[in-house]
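A.B. asks: Pasting coords.txt below, which is compact mmCIF, C-alpha atoms (C1' of nucleotides).
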```txt
# COMPACT_ATOMS: atom_id res chain seq x y z
CA MET A 1 58.56 119.68 66.92
CA SER A 2 55.95 122.33 67.47
CA GLU A 3 53.67 119.80 65.84
CA ARG A 4 52.73 118.95 69.36
CA PHE A 5 51.16 122.34 69.81
CA ARG A 6 49.41 122.11 66.48
CA ASN A 7 47.80 118.84 67.44
CA TYR A 8 46.80 120.29 70.77
CA LEU A 9 45.29 123.35 69.17
CA THR A 10 43.27 121.47 66.60
CA SER A 11 42.07 118.97 69.17
CA LEU A 12 40.54 121.81 71.19
CA SER A 13 38.84 123.64 68.36
CA THR A 14 36.15 122.90 65.81
CA THR A 15 37.21 125.54 63.32
CA PRO A 16 39.82 124.39 60.79
CA LEU A 17 43.28 125.91 60.88
CA SER A 18 44.81 127.08 57.60
CA GLU A 19 48.53 126.92 56.82
CA GLU A 20 48.82 130.68 56.86
CA GLN A 21 47.17 130.85 60.23
CA TRP A 22 49.55 128.27 61.56
CA ASP A 23 52.50 130.14 60.14
CA HIS A 24 51.20 133.27 61.79
CA ILE A 25 51.03 131.50 65.12
CA MET A 26 54.52 130.12 64.75
CA ALA A 27 55.86 133.52 63.78
CA THR A 28 54.35 134.96 66.95
CA MET A 29 55.06 132.37 69.61
CA ARG A 30 58.66 131.88 70.58
CA LEU A 31 60.30 128.62 71.56
CA LYS A 32 62.46 128.77 74.63
CA ILE A 33 64.35 126.02 76.37
CA PHE A 34 64.59 126.00 80.14
CA ARG A 35 67.23 123.89 81.74
CA LYS A 36 66.45 121.92 84.84
CA LYS A 37 66.01 124.26 87.85
CA GLN A 38 65.93 127.36 85.67
CA TYR A 39 63.25 129.88 86.59
CA PHE A 40 60.36 130.56 84.28
CA LEU A 41 59.07 133.13 86.76
CA GLN A 42 60.45 134.37 90.05
CA GLU A 43 58.60 135.78 93.02
CA GLY A 44 58.26 139.52 92.60
CA ASP A 45 58.34 139.42 88.81
CA ILE A 46 55.37 140.19 86.63
CA CYS A 47 54.29 137.24 84.53
CA LYS A 48 54.68 138.51 80.98
CA TYR A 49 54.43 135.17 79.24
CA PHE A 50 52.28 132.14 79.29
CA GLY A 51 53.97 129.04 78.01
CA PHE A 52 52.82 125.85 76.35
CA ILE A 53 55.03 122.92 77.27
CA ILE A 54 56.28 120.93 74.29
CA SER A 55 58.40 118.64 76.43
CA GLY A 56 59.54 118.53 80.01
CA ALA A 57 57.96 119.41 83.35
CA MET A 58 57.60 122.50 85.51
CA ARG A 59 56.31 123.37 88.94
CA GLN A 60 54.71 126.49 90.38
CA TYR A 61 55.15 127.07 94.08
CA ARG A 62 55.09 129.55 96.91
CA VAL A 63 57.67 129.81 99.68
CA ASP A 64 56.14 130.63 103.05
CA ASP A 65 57.68 132.65 105.90
CA LYS A 66 59.27 129.51 107.31
CA GLY A 67 60.94 128.78 104.00
CA VAL A 68 58.72 125.85 103.17
CA GLU A 69 57.76 125.36 99.53
CA HIS A 70 54.10 124.81 98.71
CA ILE A 71 53.42 123.39 95.26
CA ILE A 72 50.56 125.24 93.61
CA ARG A 73 50.61 123.57 90.24
CA LEU A 74 52.48 120.93 88.26
CA SER A 75 52.70 120.96 84.49
CA VAL A 76 53.98 118.59 81.82
CA GLU A 77 53.65 118.29 78.05
CA ASP A 78 50.46 119.77 76.58
CA TRP A 79 49.88 121.92 79.65
CA TRP A 80 50.38 125.60 80.14
CA VAL A 81 52.52 127.42 82.67
CA GLY A 82 52.22 130.91 84.02
CA ASP A 83 50.71 132.78 86.94
CA ARG A 84 47.25 133.85 85.98
CA GLU A 85 46.92 136.46 88.69
CA SER A 86 50.12 138.29 87.83
CA TRP A 87 49.41 137.90 84.12
CA THR A 88 45.94 139.41 84.19
CA MET A 89 46.44 142.01 86.92
CA LEU A 90 50.00 142.93 85.94
CA THR A 91 51.03 142.64 89.58
CA PRO A 92 54.23 141.09 90.96
CA SER A 93 53.78 137.38 91.42
CA ILE A 94 53.96 135.69 94.79
CA TYR A 95 54.92 132.44 93.09
CA ASN A 96 57.96 130.86 91.56
CA ILE A 97 57.85 128.71 88.50
CA ASP A 98 60.84 126.63 87.56
CA ALA A 99 61.78 123.71 85.36
CA TRP A 100 61.83 120.34 87.06
CA GLU A 101 63.27 118.78 83.94
CA ASN A 102 64.81 120.37 80.88
CA THR A 103 61.75 121.85 79.25
CA GLU A 104 60.79 123.23 75.85
CA VAL A 105 58.16 125.94 76.05
CA LEU A 106 56.28 127.95 73.45
CA LEU A 107 55.95 131.45 74.86
CA VAL A 108 53.26 134.00 74.17
CA THR A 109 52.68 137.47 75.57
CA LYS A 110 49.28 138.75 76.59
CA ALA A 111 49.17 141.20 73.70
CA ASP A 112 50.08 138.51 71.20
CA LEU A 113 47.58 136.11 72.67
CA LEU A 114 44.84 138.68 72.21
CA ARG A 115 45.94 139.36 68.64
CA LEU A 116 46.02 135.69 67.79
CA SER A 117 42.63 135.15 69.41
CA ASN A 118 41.12 137.94 67.36
CA ALA A 119 42.73 136.86 64.12
CA ILE A 120 42.33 133.10 64.37
CA PRO A 121 39.03 131.55 65.47
CA ALA A 122 40.63 128.22 66.25
CA TYR A 123 43.09 129.91 68.57
CA ASP A 124 40.31 131.76 70.31
CA GLU A 125 38.40 128.54 70.81
CA MET A 126 41.47 126.93 72.26
CA VAL A 127 41.96 129.74 74.76
CA ARG A 128 38.38 129.45 75.92
CA ALA A 129 38.63 125.68 76.19
CA ILE A 130 41.76 125.95 78.32
CA ILE A 131 40.08 128.26 80.78
CA GLU A 132 37.05 126.01 81.01
CA LYS A 133 39.15 122.95 81.68
CA TYR A 134 41.27 124.82 84.16
CA THR A 135 38.38 126.14 86.19
CA ILE A 136 36.78 122.72 86.38
CA ALA A 137 40.02 121.09 87.47
CA ILE A 138 40.78 123.65 90.12
CA GLN A 139 37.24 123.49 91.44
CA LYS A 140 37.73 119.78 92.01
CA ARG A 141 40.97 120.47 93.77
CA VAL A 142 39.31 122.87 96.18
CA ASN A 143 36.63 120.32 96.84
CA ALA A 144 39.26 117.70 97.64
CA ALA A 145 41.32 120.05 99.78
CA ILE A 146 38.47 121.10 102.05
CA SER A 147 36.58 117.84 102.31
CA MET A 148 38.93 114.86 102.12
CA PRO A 149 41.53 113.34 104.43
CA ALA A 150 45.09 112.82 103.21
CA HIS A 151 44.71 109.29 101.91
CA MET A 152 41.62 110.11 99.89
CA ARG A 153 43.26 113.15 98.36
CA TYR A 154 46.14 110.97 97.28
CA GLU A 155 43.95 108.26 95.77
CA ASN A 156 42.06 111.00 94.02
CA PHE A 157 45.25 112.49 92.67
CA VAL A 158 46.52 109.16 91.36
CA ARG A 159 43.22 108.61 89.60
CA GLU A 160 43.07 112.07 88.06
CA TYR A 161 46.72 112.59 87.20
CA PRO A 162 48.57 109.30 86.73
CA GLN A 163 51.04 111.07 84.41
CA LEU A 164 52.12 113.36 87.20
CA VAL A 165 52.63 110.51 89.67
CA GLN A 166 55.25 109.08 87.35
CA ARG A 167 56.89 112.37 86.70
CA PHE A 168 57.41 114.03 90.06
CA PRO A 169 58.96 112.69 93.27
CA GLN A 170 56.72 112.05 96.24
CA HIS A 171 57.74 115.02 98.31
CA ILE A 172 56.60 117.30 95.50
CA ILE A 173 53.28 115.52 95.22
CA ALA A 174 52.86 115.61 98.97
CA SER A 175 53.29 119.36 98.92
CA TYR A 176 50.81 119.66 96.07
CA LEU A 177 48.30 117.77 98.17
CA GLY A 178 48.96 119.90 101.23
CA ILE A 179 50.53 117.14 103.33
CA THR A 180 54.07 116.28 104.42
CA LYS A 181 56.28 113.78 102.62
CA GLU A 182 56.26 111.57 105.72
CA THR A 183 52.49 111.44 105.78
CA LEU A 184 52.38 110.63 102.08
CA SER A 185 54.90 107.86 102.57
CA ARG A 186 52.72 106.32 105.28
CA VAL A 187 49.55 106.78 103.31
CA ARG A 188 51.09 105.03 100.31
CA LYS A 189 52.14 102.04 102.32
CA LEU A 190 48.52 101.35 103.18
CA TYR A 191 47.31 102.34 99.74
CA ILE A 192 49.60 99.86 98.02
CA LYS A 193 48.73 97.08 100.43
CA GLN A 194 44.98 97.49 100.02
CA GLY A 195 45.08 98.35 96.31
CA MET B 23 15.67 146.55 89.85
CA SER B 24 17.78 144.85 87.23
CA GLU B 25 19.68 148.11 87.27
CA ARG B 26 22.01 146.30 89.55
CA PHE B 27 23.01 144.00 86.75
CA ARG B 28 23.38 146.87 84.32
CA ASN B 29 25.77 148.62 86.65
CA TYR B 30 27.69 145.42 87.11
CA LEU B 31 27.92 144.80 83.40
CA THR B 32 29.11 148.28 82.51
CA SER B 33 31.62 148.28 85.36
CA LEU B 34 33.27 145.19 83.86
CA SER B 35 33.40 146.34 80.25
CA THR B 36 34.99 149.15 78.33
CA THR B 37 32.62 149.01 75.36
CA PRO B 38 29.49 151.16 75.75
CA LEU B 39 26.12 149.48 76.02
CA SER B 40 23.26 150.81 73.89
CA GLU B 41 19.65 150.82 74.98
CA GLU B 42 18.72 148.24 72.38
CA GLN B 43 21.47 145.99 73.55
CA TRP B 44 20.29 146.33 77.10
CA ASP B 45 16.73 145.59 76.06
CA HIS B 46 17.98 142.54 74.22
CA ILE B 47 19.71 141.32 77.36
CA MET B 48 16.64 141.91 79.48
CA ALA B 49 14.47 140.10 76.97
CA THR B 50 16.77 137.12 77.16
CA MET B 51 17.61 136.78 80.83
CA ARG B 52 14.80 135.78 83.13
CA LEU B 53 14.29 136.93 86.68
CA LYS B 54 13.48 134.21 89.16
CA ILE B 55 12.89 134.41 92.87
CA PHE B 56 14.13 131.65 95.12
CA ARG B 57 12.72 131.40 98.58
CA LYS B 58 14.97 130.58 101.48
CA LYS B 59 16.08 126.90 101.31
CA GLN B 60 14.77 126.47 97.78
CA TYR B 61 17.12 124.63 95.43
CA PHE B 62 18.74 126.39 92.52
CA LEU B 63 20.40 123.11 91.57
CA GLN B 64 20.19 119.64 93.05
CA GLU B 65 22.77 116.88 93.01
CA GLY B 66 22.25 114.77 89.90
CA ASP B 67 20.75 117.58 87.87
CA ILE B 68 22.46 119.18 84.92
CA CYS B 69 23.16 122.85 85.47
CA LYS B 70 21.22 124.53 82.67
CA TYR B 71 21.37 128.05 84.03
CA PHE B 72 23.88 130.40 85.45
CA GLY B 73 22.41 133.09 87.63
CA PHE B 74 23.37 136.60 88.58
CA ILE B 75 22.26 137.46 92.08
CA ILE B 76 20.32 140.73 92.32
CA SER B 77 19.62 140.32 96.00
CA GLY B 78 19.98 137.57 98.58
CA ALA B 79 22.54 134.85 99.23
CA MET B 80 23.14 131.29 98.06
CA ARG B 81 25.48 128.45 98.86
CA GLN B 82 26.93 125.63 96.79
CA TYR B 83 27.85 122.47 98.65
CA ARG B 84 28.54 118.78 98.41
CA VAL B 85 27.22 116.13 100.77
CA ASP B 86 29.76 113.40 101.51
CA ASP B 87 29.07 109.71 102.23
CA LYS B 88 28.73 110.48 105.92
CA GLY B 89 26.08 113.06 105.23
CA VAL B 90 28.32 116.01 106.03
CA GLU B 91 27.89 119.16 103.97
CA HIS B 92 30.98 120.78 102.49
CA ILE B 93 30.52 124.35 101.33
CA ILE B 94 32.15 124.85 97.95
CA ARG B 95 31.10 128.39 97.29
CA LEU B 96 29.12 131.24 98.81
CA SER B 97 27.47 133.93 96.73
CA VAL B 98 25.70 137.21 97.42
CA GLU B 99 24.61 140.24 95.36
CA ASP B 100 26.69 140.88 92.22
CA TRP B 101 28.00 137.33 92.19
CA TRP B 102 27.08 134.45 89.97
CA VAL B 103 25.79 131.02 90.90
CA GLY B 104 25.96 127.77 89.00
CA ASP B 105 28.11 124.69 88.72
CA ARG B 106 30.70 125.30 86.08
CA GLU B 107 31.56 121.65 85.58
CA SER B 108 28.01 120.50 84.99
CA TRP B 109 27.31 123.58 82.90
CA THR B 110 30.21 123.14 80.50
CA MET B 111 30.33 119.35 80.34
CA LEU B 112 26.57 118.82 80.48
CA THR B 113 27.09 116.17 83.15
CA PRO B 114 25.00 115.63 86.30
CA SER B 115 26.24 117.84 89.08
CA ILE B 116 27.67 116.46 92.31
CA TYR B 117 26.73 119.68 94.07
CA ASN B 118 23.66 121.29 95.50
CA ILE B 119 22.96 124.98 95.31
CA ASP B 120 20.26 126.49 97.45
CA ALA B 121 19.08 129.86 98.70
CA TRP B 122 20.28 130.83 102.14
CA GLU B 123 18.04 133.88 102.06
CA ASN B 124 15.19 134.77 99.74
CA THR B 125 17.09 135.54 96.56
CA GLU B 126 16.43 137.28 93.25
CA VAL B 127 18.40 135.81 90.38
CA LEU B 128 18.76 136.70 86.72
CA LEU B 129 18.98 133.43 84.84
CA VAL B 130 20.70 132.72 81.55
CA THR B 131 21.15 129.49 79.60
CA LYS B 132 24.40 128.52 77.97
CA ALA B 133 22.97 129.00 74.48
CA ASP B 134 21.66 132.45 75.36
CA LEU B 135 24.91 133.41 76.99
CA LEU B 136 26.76 132.52 73.80
CA ARG B 137 24.26 134.45 71.70
CA LEU B 138 24.54 137.50 73.91
CA SER B 139 28.32 137.27 73.93
CA ASN B 140 28.40 137.18 70.15
CA ALA B 141 25.90 139.97 69.72
CA ILE B 142 27.04 142.35 72.43
CA PRO B 143 30.73 143.14 72.93
CA ALA B 144 30.17 144.51 76.41
CA TYR B 145 28.52 141.28 77.43
CA ASP B 146 31.40 139.27 76.03
CA GLU B 147 33.88 141.39 77.93
CA MET B 148 31.93 140.84 81.09
CA VAL B 149 31.93 137.09 80.66
CA ARG B 150 35.68 137.06 80.18
CA ALA B 151 36.21 139.33 83.15
CA ILE B 152 34.14 137.06 85.36
CA ILE B 153 36.20 134.03 84.46
CA GLU B 154 39.43 135.89 85.05
CA LYS B 155 38.34 137.06 88.47
CA TYR B 156 37.02 133.65 89.32
CA THR B 157 40.19 131.79 88.42
CA ILE B 158 42.31 134.21 90.39
CA ALA B 159 40.09 133.93 93.44
CA ILE B 160 39.96 130.17 93.38
CA GLN B 161 43.70 129.94 92.89
CA LYS B 162 44.13 131.90 96.10
CA ARG B 163 41.75 129.59 97.84
CA VAL B 164 43.76 126.54 96.82
CA ASN B 165 46.90 128.22 98.02
CA ALA B 166 45.29 128.89 101.41
CA ALA B 167 43.82 125.42 101.69
CA ILE B 168 47.08 123.58 101.11
CA SER B 169 49.48 125.87 102.91
CA MET B 170 47.81 127.55 105.87
CA PRO B 171 46.61 126.38 109.27
CA ALA B 172 43.00 126.99 110.32
CA HIS B 173 43.48 130.32 112.04
CA MET B 174 45.36 131.82 109.12
CA ARG B 175 42.74 130.63 106.67
CA TYR B 176 40.10 132.36 108.73
CA GLU B 177 42.00 135.65 109.01
CA ASN B 178 42.54 135.44 105.31
CA PHE B 179 38.86 134.89 104.69
CA VAL B 180 37.82 137.81 106.85
CA ARG B 181 40.23 140.04 104.99
CA GLU B 182 39.14 138.91 101.53
CA TYR B 183 35.41 138.54 102.07
CA PRO B 184 34.15 140.74 104.91
CA GLN B 185 30.70 140.82 103.25
CA LEU B 186 30.38 137.07 103.59
CA VAL B 187 31.38 137.06 107.25
CA GLN B 188 28.37 139.25 107.99
CA ARG B 189 26.06 137.24 105.86
CA PHE B 190 26.56 133.61 106.75
CA PRO B 191 26.63 131.88 110.14
CA GLN B 192 29.90 130.52 111.44
CA HIS B 193 29.24 126.87 110.83
CA ILE B 194 28.80 127.63 107.14
CA ILE B 195 32.02 129.61 106.99
CA ALA B 196 33.83 126.88 108.90
CA SER B 197 32.74 124.36 106.30
CA TYR B 198 33.86 126.69 103.52
CA LEU B 199 37.28 126.85 105.13
CA GLY B 200 37.44 123.09 105.54
CA ILE B 201 37.33 123.09 109.34
CA THR B 202 34.67 122.23 111.92
CA LYS B 203 32.47 124.80 113.60
CA GLU B 204 34.07 124.00 116.95
CA THR B 205 37.54 124.72 115.63
CA LEU B 206 36.36 127.97 114.11
CA SER B 207 34.77 128.99 117.38
CA ARG B 208 38.06 128.44 119.19
CA VAL B 209 40.09 130.15 116.52
CA ARG B 210 37.86 133.21 116.69
CA LYS B 211 38.22 133.52 120.42
CA LEU B 212 41.95 134.04 120.02
CA TYR B 213 41.54 136.10 116.88
CA ILE B 214 39.23 138.58 118.61
CA LYS B 215 41.45 138.82 121.66
CA GLN B 216 44.62 139.50 119.71
CA GLY B 217 42.99 141.68 117.03
C1' DC C 3 82.17 104.36 93.28
C1' DG C 4 80.58 108.35 95.81
C1' DA C 5 77.50 112.21 96.72
C1' DA C 6 73.11 114.06 96.60
C1' DA C 7 68.32 113.39 96.56
C1' DA C 8 64.40 110.81 97.83
C1' DT C 9 62.08 107.77 100.77
C1' DT C 10 61.11 105.33 104.91
C1' DT C 11 60.74 104.67 109.79
C1' DG C 12 60.22 105.64 114.75
C1' DA C 13 59.13 108.51 118.70
C1' DC C 14 56.84 112.24 120.04
C1' DA C 15 54.10 116.68 119.82
C1' DT C 16 50.14 119.05 118.44
C1' DG C 17 46.37 120.80 115.73
C1' DA C 18 42.06 119.59 114.52
C1' DC C 19 38.07 116.43 115.02
C1' DT C 20 34.36 114.07 117.63
C1' DC C 21 30.94 113.78 120.86
C1' DA C 22 28.18 115.57 124.27
C1' DA C 23 26.50 119.05 127.13
C1' DC C 24 25.26 123.64 127.81
C1' DT C 25 24.06 128.58 126.70
C1' DG C 26 21.83 131.98 124.28
C1' DG C 27 19.03 134.10 120.89
C1' DA C 28 15.21 134.26 117.19
C1' DG C 29 11.06 133.06 115.75
C1' DT C 30 6.37 130.96 116.53
C1' DG C 31 2.05 129.86 118.45
C1' DG C 32 -0.97 129.73 122.23
C1' DC D 29 3.71 137.98 126.91
C1' DC D 30 5.21 133.60 128.05
C1' DA D 31 6.50 128.85 126.76
C1' DC D 32 8.42 126.32 123.34
C1' DT D 33 11.36 124.92 119.76
C1' DC D 34 14.93 125.53 116.50
C1' DC D 35 19.25 127.01 115.32
C1' DA D 36 23.71 128.83 116.28
C1' DG D 37 27.55 129.14 119.08
C1' DT D 38 30.53 127.80 122.97
C1' DT D 39 33.07 124.75 125.95
C1' DG D 40 35.34 120.58 127.76
C1' DA D 41 37.34 115.94 127.53
C1' DG D 42 39.20 112.50 124.94
C1' DT D 43 40.84 110.75 120.44
C1' DC D 44 42.88 110.69 116.03
C1' DA D 45 45.21 112.36 112.02
C1' DT D 46 48.90 114.70 110.70
C1' DG D 47 53.11 117.30 111.63
C1' DT D 48 57.92 117.54 113.49
C1' DC D 49 62.42 116.02 114.13
C1' DA D 50 66.07 112.89 113.64
C1' DA D 51 68.10 108.93 111.84
C1' DA D 52 68.48 105.06 108.76
C1' DT D 53 67.90 103.32 104.17
C1' DT D 54 67.32 103.32 99.31
C1' DT D 55 67.62 105.32 94.85
C1' DT D 56 69.49 108.27 91.40
C1' DC D 57 72.94 109.96 88.79
C1' DG D 58 77.32 112.13 87.73
```
Written as structure tokens, that's how I'd like the structure from this file.
C.D. replies:
Amino acid sequence: MSERFRNYLTSLSTTPLSEEQWDHIMATMRLKIFRKKQYFLQEGDICKYFGFIISGAMRQYRVDDKGVEHIIRLSVEDWWVGDRESWTMLTPSIYNIDAWENTEVLLVTKADLLRLSNAIPAYDEMVRAIIEKYTIAIQKRVNAAISMPAHMRYENFVREYPQLVQRFPQHIIASYLGITKETLSRVRKLYIKQG
Amino acid sequence: MSERFRNYLTSLSTTPLSEEQWDHIMATMRLKIFRKKQYFLQEGDICKYFGFIISGAMRQYRVDDKGVEHIIRLSVEDWWVGDRESWTMLTPSIYNIDAWENTEVLLVTKADLLRLSNAIPAYDEMVRAIIEKYTIAIQKRVNAAISMPAHMRYENFVREYPQLVQRFPQHIIASYLGITKETLSRVRKLYIKQG
DNA sequence: CGAAAATTTGACATGACTCAACTGGAGTGG
DNA sequence: CCACTCCAGTTGAGTCATGTCAAATTTTCG
């Protein structure tokens, strides 16, 4: 079942991974199951774990003063969850993370992640690769957010993340894009018509 | 003069830095001076260097199909410049980077950066610290972009980056925030009045 | 089937954009 | 030192994209 993580790890590294190393990883990371709507992280908490999703889907969001949720990040299988700011700075998070579906997650603490990175070259490579991919992806998102109108951001999103379109309802995606569900609904009507 | 970089490096690492190590770094990184308006990187080029700014200011931006510039990133002393996507993927960049003022930059190639990271623990720590800080900062920017109206984004910006407010004209900052210069002008009028 | 969640639709309000004109430096050259 | 130009910033009028609110409709799922 954690095979999924093994495949992920080896796909992101060039160094081979021995059986002992893998056992070491499995002895360190803990599998936890989150039921739908269960919190992975709540506003005010410090993010002590990062999690690799084996199955399921989660969302990270902020609630503003008016009580509106703003989706910061969506994650499904083979993605990680956690609040990087809280995790690295050890400060209380301003975000919530919860399970949108029942979700299996492999958890790792910061200390364990450092130990694994030091002990296992493949693991270290993976960690670096994740950060690289993440920074590139988020850079694109900033670009889209500041320079594109709603419909273009949506087309962009569908192109970049077709998996997520299937997985989350429109009002969640609208929030992720920084628009209202009504606007997304209208945008889609045109989008579908014109292909 | 490169003392500035030495201070920066040591401030971001816990490991001490020997004189030989420092000499090694200085022998590897190259100082280049960019005159105002000179390109550091042009759309279509592959980003072969990252640069640490010793003095001056640069901007990274995209030009859309209508010819409008969208500021992706602003950098001054003690910040880095470069397009992470092009740099890591070795793909042609969609961005331009140019000098807003005459700017002194310490350049490093990807290969050299890896060599230095492997050879010098302090350097490696610095590189990791940069990425951490960067991802946290950009995460906040996404949050602002998708969940705040123009005036709040500006207040936010002034709070987070007072140095940049001094350094760049308003139309540049407006573009960075994803609004027009006219809107920023109006927003500021209220902002100044109300404190 | 029934309730809750998601989506769509319409009418209206508003924030932000566009375009154009005007003002006010900052730098440059005669 | 003035005249000139370039660039930045402001302002106003009109438009457009998106948000708000409320209701109707469709889908999902227990």
A.B. asks: Please check the contacts: residues of chain A at most 12 Å away from chain C, using all atoms listed in the file, listed as number ranges by chain.
C.D. replies: A: 149, 168-172, 181-189
A.B. asks: Set the cut-off to 9 Å and count all atoms listed in the file: what are the residues of chain A that reach chain B? Output as a ChimeraX atom specification.
C.D. replies: /A:62,64,69-72,84-85,88,131-139,141-143,145-147,175-179
A.B. asks: In Å to one decimal, how far is atom CA of Val149 of chain B from atom CA of Ser40 of chain B?
C.D. replies: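 These atoms are spaced 17.6 Å apart.
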A.B. asks: For atom CA of Ile46 of chain A and atom CA of Met174 of chain B, quote the distance in Å rounded to one decimal.
C.D. replies: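 Here the two named atoms are 26.0 Å from each other.
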A.B. asks: Take the point (47.8, 113.5, 108.9) in the file's coordinates, draw a sphere of radius 7 Å around it, and report as a short mmCIF file (atom, residue, chain, number, x, y, z; two decimals) with C-alpha atoms (C1' of nucleotides), in the frame of the given file every protein, DNA or RNA residue with an atom inside or on it, counting all atoms listed in the file.
C.D. replies:
```cif
data_model
loop_
_atom_site.label_atom_id
_atom_site.label_comp_id
_atom_site.auth_asym_id
_atom_site.auth_seq_id
_atom_site.Cartn_x
_atom_site.Cartn_y
_atom_site.Cartn_z
CA ALA A 150 45.09 112.82 103.21
CA THR A 183 52.49 111.44 105.78
"C1'" DA D 45 45.21 112.36 112.02
"C1'" DT D 46 48.90 114.70 110.70
#
```
A.B. asks: Residues of chain D that have any atom at most 12 Å from an atom of chain A: could you tabulate them with the shortest-distance atom pair and the distance in Å to one decimal, using all atoms listed in the file, ordered by chain and increasing number, as a tab-separated table?
C.D. replies:
```
residue	atom	partner	partner_atom	distance
D:DC44	C1'	A:Pro149	CA	12.0
D:DA45	C1'	A:Pro149	CA	8.5
D:DT46	C1'	A:Thr183	CA	6.9
D:DG47	C1'	A:Thr180	CA	7.3
D:DT48	C1'	A:Thr180	CA	9.9
D:DC49	C1'	A:Glu182	CA	11.3
D:DT55	C1'	A:Pro169	CA	11.5
D:DT56	C1'	A:Pro169	CA	11.6
```
A.B. asks: Give me the residues within 10 Å of Lys36 of chain A as a PyMOL selection string, counting all atoms listed in the file and dropping any in the same chain fewer than 3 places off.
C.D. replies: chain A and resi 33+39+56-58+98-103
A.B. asks: Is it possible to get the residues within 10 Å of (23.8, 135.2, 86.9) (coordinates as in the file, counting all atoms listed in the file) written as a ChimeraX atom specification?
C.D. replies: /B:27,51-53,71-76,99-104,126-131
A.B. asks: Report, in Å with one decimal, the straight-line distance from atom CA of Phe179 of chain B to atom CA of Ile94 of chain A.
C.D. replies: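 Answer for the atom CA of Phe179 of chain B to atom CA of Ile94 of chain A separation: 18.1 Å.
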A.B. asks: Using all atoms listed in the file, which residue out of A:Arg167, A:Ala111, A:Pro121, A:Asn156 lies closest to Thr14 of chain A?
C.D. replies: A:Pro121
